[in-house]
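**Student:** Submitted below is the structure of interest, expressed as structure tokens.
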Amino acid sequence: MNRKLHVCVAALAAAVSLGAFAASAQALPVGFWGVVPQSELTTSQFQRLSQGGVESIRIGLDWNAVQPTRGGEYQWGGFDGQLEAAAKAGIRVLPFFSGAPSWAVPAATVAGSGGAKAPAHLPVSGAARAGWTAFISAAIARYGPNGTFWSERPTVPKTPLRTWQIWNEPNFKYFVAKPNPIEYGQLVKLSSTAIKSADPGGKAILAGLFARPKGARNARTGKHKSLNWFASDFVAQMYKGNPGIKAAVGGVSLHPYVVNYSEMAPEIEELRHVLARAHDPNKPLYITELGWSSEAPNSADQFAKGPVGQATQLQRALALLRNKQAKWRLQGVYWFSVDDLAGACNFCGGSGLFAKGFTPKRSWYSYVKLTGGTP
């Protein structure tokens, strides 16, 4: 082959390769690249995330914070500000309902936690059930397609909330003191009914489930050391114990926290197998938390990888999820977290893409290379 022809063929191959990559990127669902903040973000910080290619942000709507007293007015304050800033930056919001005020559900001490508290159970009966569904209805009346939030702010780009995540890590005792998959299924069903009643086009998706909490029970062996459940077993029991729940589930979510990114694929594959066995194989999947810490590696925190290690794990994990998007039916991937917050969890002090002062880490630049944004 002569040199000129060789160059032409090489150029054509490169163009085809780039075209295939672009087509792959274009095929990703809208809102695929997401993040989770640990604290409220400023308008300029939202703008920077948007420039970096962030398309979606996951923010909690805590019932206890919104309605701390029985019969009290809903206090939407902080969420209003974050939603407005996100909308102006062109970033979608994935809200997750969580928490329960003590007037609805008593708090219980989490076993083996050193005194931490969590709701004793999920709000599925009595006054708690009525209060929970009223809370959901009120949220949709404010932020849904006909929400007052949008009519009161005509200059804010209207991006109504239609997808609602139900609770956070209900298979992990720090979010409900006694995790119960059947009870959680009941919560999903009543939440879905409330959502559909207020917005027929809205949908409920499952809480992000911690893939393998420490000491979690294993349904296959019957062995367990705590009240926690493996995510796949929790979902299997939820489907088994709640006939008809398939119609209430608009999507399934996972938090595949693993020591090394290579351990993530088996967790996702197992969950997809559970859905297939439950005769629900096509259900969309969301990864609503995933992350490692930039803190120095240490024996007390298996997720601490150092700045370079955090960036490496991020790049490899998110590239894998991007490449497996179609096979795993992934709708969105949310890095935890935007910012560092010491004390929130064992690795939260270094989990951010940004350090104190919103200073970007190596991991932010790795994230932006994947999204195609600008740092």
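Here, A, B, ... name the chains of the structure tokens in the order displayed, residue numbers run from 1 inside each chain, and ligands are numbered from 1 in the same displayed order.
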Once DSSP has gone over the backbone, tell me which residues of region 92-149 of chain A are in strand (DSSP E or B), as number ranges by chain.

**Tutor:** A: 92-98, 107-109, 117-119

**Student:** Could you pull the residues within 7 Å of region 334-340 of chain A, counting only C-alpha atoms, minus those fewer than 4 positions along the same chain, as a VMD selection string?

**Tutor:** chain A and resid 33 to 38 287 to 291 348 to 356

**Student:** Taking N, CA and C atoms for each residue, export the selection above as a CSV table (one decimal), in the first residue's frame.

**Tutor:**
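The resulting file, out-v4.csv, is reproduced below:
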```csv
chain,number,residue,atom,x,y,z
A,33,TRP,N,-25.8,11.6,32.7
A,33,TRP,CA,-24.7,12.0,33.6
A,33,TRP,C,-25.2,12.8,34.8
A,34,GLY,N,-25.2,12.2,36.0
A,34,GLY,CA,-25.7,12.9,37.2
A,34,GLY,C,-24.7,12.9,38.3
A,35,VAL,N,-25.1,13.7,39.3
A,35,VAL,CA,-24.3,13.9,40.5
A,35,VAL,C,-25.2,14.0,41.7
A,36,VAL,N,-24.6,13.8,42.9
A,36,VAL,CA,-25.4,14.0,44.2
A,36,VAL,C,-24.6,15.0,45.0
A,37,PRO,N,-25.2,16.1,45.5
A,37,PRO,CA,-24.5,17.0,46.4
A,37,PRO,C,-24.7,16.6,47.8
A,38,GLN,N,-23.8,17.0,48.7
A,38,GLN,CA,-24.0,16.8,50.1
A,38,GLN,C,-24.4,18.0,50.8
A,287,ILE,N,-28.3,4.1,38.5
A,287,ILE,CA,-27.3,4.0,39.6
A,287,ILE,C,-27.3,5.4,40.2
A,288,THR,N,-28.0,5.5,41.4
A,288,THR,CA,-28.2,6.8,42.0
A,288,THR,C,-27.2,7.2,43.0
A,289,GLU,N,-26.2,6.4,43.3
A,289,GLU,CA,-25.0,6.7,44.0
A,289,GLU,C,-23.9,5.8,43.7
A,290,LEU,N,-22.7,6.3,43.5
A,290,LEU,CA,-21.5,5.5,43.3
A,290,LEU,C,-20.3,6.4,43.5
A,291,GLY,N,-19.3,5.9,44.3
A,291,GLY,CA,-18.2,6.8,44.5
A,291,GLY,C,-17.1,6.2,45.3
A,348,CYS,N,-17.4,10.3,53.3
A,348,CYS,CA,-18.0,11.5,52.8
A,348,CYS,C,-17.0,12.7,52.8
A,349,GLY,N,-16.0,12.7,53.7
A,349,GLY,CA,-15.1,13.8,53.8
A,349,GLY,C,-14.2,13.9,52.6
A,350,GLY,N,-14.2,12.9,51.7
A,350,GLY,CA,-13.3,12.9,50.5
A,350,GLY,C,-14.0,12.5,49.3
A,351,SER,N,-15.3,12.3,49.3
A,351,SER,CA,-16.0,11.7,48.1
A,351,SER,C,-16.3,12.7,47.0
A,352,GLY,N,-16.1,14.0,47.3
A,352,GLY,CA,-16.5,15.0,46.3
A,352,GLY,C,-15.6,15.0,45.1
A,353,LEU,N,-16.2,15.6,44.0
A,353,LEU,CA,-15.4,16.0,42.8
A,353,LEU,C,-14.7,17.3,43.1
A,354,PHE,N,-15.2,18.0,44.1
A,354,PHE,CA,-14.6,19.3,44.5
A,354,PHE,C,-14.2,19.3,46.0
A,355,ALA,N,-13.1,19.9,46.3
A,355,ALA,CA,-12.7,20.0,47.7
A,355,ALA,C,-13.2,21.3,48.3
A,356,LYS,N,-12.8,21.6,49.5
A,356,LYS,CA,-13.3,22.8,50.2
A,356,LYS,C,-13.0,24.0,49.3
```

**Student:** Considering only C-alpha atoms, return as JSON, numbers by chain whatever protein or nucleic-acid residues lie within 9 Å of Tyr174 (chain A), sequence-local ones (same chain, fewer than 6 positions apart) excluded.

**Tutor:** {"A": [110, 113, 116, 117, 118, 119]}

**Student:** Which one of A:Gly81, A:Gly185, A:Gly115, A:Pro123 sits closest to Ala100 (chain A) if you count only C-alpha atoms?

**Tutor:** A:Pro123

**Student:** Pull the closest atom pair for each residue of region 276-359 of chain A that gets at most 10 Å from region 253-265 of chain A, along with the distance in Å to one decimal, counting only C-alpha atoms, ordering rows by chain and then ascending residue number, as a tab-separated table.

**Tutor:**
```
residue	atom	partner	partner_atom	distance
A:Pro284	CA	A:Ser253	CA	8.5
A:Leu285	CA	A:Ser253	CA	5.6
A:Tyr286	CA	A:Ser253	CA	4.6
A:Ile287	CA	A:Leu254	CA	5.0
A:Thr288	CA	A:His255	CA	6.2
A:Glu289	CA	A:His255	CA	4.9
A:Leu290	CA	A:Tyr257	CA	5.8
A:Gly291	CA	A:Tyr257	CA	6.7
A:Trp292	CA	A:Tyr257	CA	8.0
A:Asp301	CA	A:Val259	CA	9.6
A:Gln302	CA	A:Val259	CA	6.0
A:Phe303	CA	A:Val259	CA	5.8
A:Ala304	CA	A:Val259	CA	8.8
A:Lys305	CA	A:Val259	CA	9.2
A:Thr312	CA	A:Tyr261	CA	9.3
A:Gln313	CA	A:Tyr261	CA	6.0
A:Leu314	CA	A:Tyr261	CA	8.1
A:Gln315	CA	A:Tyr261	CA	9.4
A:Arg316	CA	A:Tyr261	CA	6.8
A:Ala317	CA	A:Tyr261	CA	5.3
A:Leu318	CA	A:Tyr261	CA	9.1
A:Leu320	CA	A:Ala265	CA	8.5
A:Leu321	CA	A:Ala265	CA	8.8
A:Lys324	CA	A:Ala265	CA	9.4
A:Trp328	CA	A:Ala265	CA	9.7
A:Leu330	CA	A:Ser253	CA	9.5
A:Gln331	CA	A:Ser253	CA	9.7
A:Gly332	CA	A:Ser253	CA	9.5
A:Val333	CA	A:Leu254	CA	9.7
A:Tyr334	CA	A:His255	CA	9.3
A:Trp335	CA	A:His255	CA	10.0
A:Phe336	CA	A:His255	CA	9.6
```

**Student:** Could you name the residues that touch Ala276 (chain A) at 12 Å or less, counting only C-alpha atoms, but leaving out those on the same chain fewer than 3 positions away, as a ChimeraX atom specification?

**Tutor:** /A:232,235-236,239,246,269-273,279-283,328

**Student:** Just give me the gap between CA of Trp167 (chain A) and CA of Ser226 (chain A) in Å, one decimal is fine.

**Tutor:** 20.4 Å

**Student:** Quick one: pull the distance between CA of Glu152 (chain A) and CA of Trp76 (chain A), Å, one decimal.

**Tutor:**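 Atom-to-atom, CA of Glu152 (chain A) and CA of Trp76 (chain A) are spaced 13.8 Å apart.
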
**Student:** Please extract the residues of region 64-302 of chain A with a backbone DSSP assignment of alpha helix (DSSP H) and present them as an MDAnalysis selection string.

**Tutor:** chainID A and resid 64:66 77:88 126:143 148:151 181:198 231:241 264:277

**Student:** Go ahead and compute the interatomic distance for CA of Pro243 (chain A) and CA of Pro181 (chain A), in Å to one decimal.

**Tutor:**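 Separating CA of Pro243 (chain A) from CA of Pro181 (chain A) is a distance of 12.8 Å.
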
**Student:** Using only C-alpha atoms, find the one residue out of A:Ile59, A:Trp150, A:Val176, A:Glu40 that sits nearest to Val105 (chain A).

**Tutor:** A:Val176
